[in-house]
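Student: Input: one structure, supplied below.
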Amino acid sequence: MPGMGGPNRSENFILNCRDWKKLYGELPENLRSQFEENPTAFPRKTIRLAPMTGAVENIGYSDEKQFYKDIVTSCMVAGVPLSLGDGCPDEKLLFGIEAVRNAGEKDNPLKVAVFIKPYSNKKILERMEWAEDIMEACGIDIDSYNIVTMRNKVNLEKKTASQLKEIQDRLSARGLPFAVKGVFTKEDIDMVKELKPDIIYISNHGGRVETVTGSVADFLKAHGKELSNYCQQLWVDGGIRDAQDVFTAKALGAECVLLGRPFARALCYDRQNGIKNLVKKLCGGSDA
């Protein structure tokens with residue numbers, strides 16, 4: 001780190017990509033037949049841009065501010081919802097907020113899901129104020145605590161349910177959904193059982209952090225049904241690369257799937273049409 005790789009020779013990243021295919025093969029035959037008859041029948045709201053920052057360090061983009069402008073614009077053209085993440089320095093989140101504001105219309109502002117790292121609650125609340133006018137939901141990116149370089153640099157905290165409850169209550173008072181991103185361990189499950197957030201977001205940070213070995217696909221299969229009792233929606237990211245993977249995640253209970261690397265790659269390949277073409281391959285012509 002920084003970069004797109006991961007610990008243990010990218011073991012969890014490899015498992016993330018592999019296991020969606022494995023679990024698709026384990027789905028009931030009638031479900032697989034349903035997919036094969038119409039493999040791109042997903043509403044575009046099924047997929048969402050995953051929160052990404054560090055475009056210069058991680059993607060090789062020439063300019064951080066330009067990256068956010070380009071990816072926000074391209075996702076709008078493609079008709080898919082967006083997420084913003086934050087990073088160090090603070091300008092990464094601020095550039096994203098600016099790009100979203102500029103992409104919206106005065107009477108119809110663009111709204112996105114905003115994910116904030118597990119700083120002190122005072123610092124989290126400050127960032128929520130920065131982004132309040134563009135938020136359709138807000139979440140705490142608990143799995144970023146496992147990025148040791150980031151944790152040490154900006155003093156990230158291993159959050160407890162009681163600490164997150166303060167953030168949840170602030171959002172609830174504003175009528176905004178609260179998400180916990182990075183649910184991937186037994187300890188995380190115990191925390192969200194107590195907290196009951198609106199959105200439980202299963203993720204291992206794209207396999208980029210030091211955590212338990214395994215894939216998000218297997219985790220969703222093992223715990224998705226249980227977790228759905230403690231939230232309104234399940235979201236998932238990690239290793240999702242094609243329409244079959246999207247279908248598998250949906251079949252296992254995910255309401256929304258999020259993609260990071262595929263969107264970044266599509267943008268770099270073709271700034272004008274890359275994301276639009278990728279979304280068409282994933283969802284076909286459905287706009288519902």
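Every chain in the structure tokens has a letter given in the order shown (A, B, ...), and although residue numbers restart at 1 in each chain, ligands are simply numbered from 1 in the order shown.
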Please report, as a PyMOL selection string, each residue of segment 27-202 of chain A to which DSSP assigns helix (DSSP H, G or I) when run on this structure's backbone.
Tutor: chain A and resi 29-37+44-46+55-59+64-78+91-103+121-134+142-146+148-154+161-173+186-195
Student: Could you give me, as a list in words, the residues within 9 Å of segment 245-256 of chain A, counting only C-alpha atoms and dropping anything in the same chain fewer than 6 positions from it?
Tutor: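 Result of the neighbour search: Cys17, Trp20, Lys21, Leu23, Tyr24, Leu27, Leu31, Phe35, Pro39, Thr40, Phe42, Lys45, Thr46, Ile47, Arg48, Ala217, Leu220, Lys221, Gly224, Lys225, Ser228, Gln233, Leu234, Trp235, Val236, Asp237, Gly239 and Leu282 of chain A.
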Student: Mind pulling up the distance from atom CA of Val183 of chain A to atom CA of Ala264 of chain A?
Tutor: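 According to the coordinates, atom CA of Ala264 of chain A and atom CA of Val183 of chain A are separated by 23.3 Å.
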Student: Residues of segment 37-138 of chain A within 12 Å of segment 147-166 of chain A: nearest atom pair and distance (Å, one decimal) for each, counting only C-alpha atoms, sorted by chain and number, as CSV?
Tutor:
residue,atom,partner,partner_atom,distance
A:Gly54,CA,A:Met150,CA,11.9
A:Asp86,CA,A:Met150,CA,11.5
A:Gly87,CA,A:Met150,CA,8.5
A:Cys88,CA,A:Val154,CA,7.7
A:Pro89,CA,A:Val154,CA,9.3
A:Asp90,CA,A:Val154,CA,10.5
A:Ile116,CA,A:Leu156,CA,10.7
A:Lys117,CA,A:Leu156,CA,7.2
A:Pro118,CA,A:Leu156,CA,5.4
A:Tyr119,CA,A:Leu156,CA,4.7
A:Ser120,CA,A:Glu157,CA,6.7
A:Asn121,CA,A:Gln163,CA,7.3
A:Lys122,CA,A:Glu166,CA,10.3
A:Lys123,CA,A:Leu156,CA,10.3
A:Ile124,CA,A:Leu164,CA,10.2
A:Leu125,CA,A:Glu166,CA,9.5
A:Cys138,CA,A:Leu164,CA,11.9
Student: I want to know what sits within 9 Å of Val114 of chain A, based on only C-alpha atoms, with residues of the same chain fewer than 3 positions away left out; could you give that as an MDAnalysis selection string?
Tutor: chainID A and resid 51 82:86 128 131 134:140
Student: May I have a table of the residues of segment 2-58 of chain A lying at most 7 Å from segment 192-207 of chain A, giving each one's closest pair of atoms and their distance in Å to one decimal, counting only C-alpha atoms, ordered by chain and ascending residue number, as CSV?
Tutor:
residue,atom,partner,partner_atom,distance
A:Gly6,CA,A:Gly207,CA,5.8
A:Ser10,CA,A:Gly207,CA,6.6
A:Asn12,CA,A:Gly207,CA,4.6
A:Phe13,CA,A:Gly207,CA,4.2
Student: Which residue gives the smallest distance to Ile14 of chain A among A:Arg208, A:Lys181, A:Arg32, A:Lys280, with only C-alpha atoms counted?
Tutor: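 Of the candidates, the smallest distance to Ile14 of chain A is held by A:Arg208.
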Student: What is the atom CA of Lys111 of chain A to atom CA of Ala179 of chain A distance in Å?
Tutor: 15.5 Å
Student: Select, from A:Arg271, A:Arg9, A:Arg265, A:Arg170, the residue with the minimum atom-to-atom distance to Gln66 of chain A, counting only C-alpha atoms.
Tutor: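 Selected residue with least distance to Gln66 of chain A: A:Arg271.
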Student: Give the answer as one residue: which of A:Leu267, A:Ile167, A:Val180, A:Val56 has the shortest atom-to-atom distance to Val72 of chain A, using only C-alpha atoms?
Tutor: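 Nearest to Val72 of chain A: A:Leu267.
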Student: Among segment 99-269 of chain A, which ones does DSSP assign to strand (DSSP E) (computed from the backbone)? Answer as number ranges by chain.
Tutor: A: 112-116, 135-141, 178-183, 199-202, 233-237, 256-259
Student: Calculated over only C-alpha atoms, which of the candidates A:Asn102, A:Gln232, A:Ser74, A:Asn16 has the smallest distance to Asn277 of chain A?
Tutor: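 Smallest separation from Asn277 of chain A among the options: A:Ser74.
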Student: So what do you get for atom CA of Leu258 of chain A versus atom CA of Ala222 of chain A, distance-wise?
Tutor: 19.3 Å
Student: Counting only C-alpha atoms, which residue out of A:Asp107, A:Asp143, A:Asp133, A:Glu64 sits closest to Val212 of chain A?
Tutor: A:Asp143
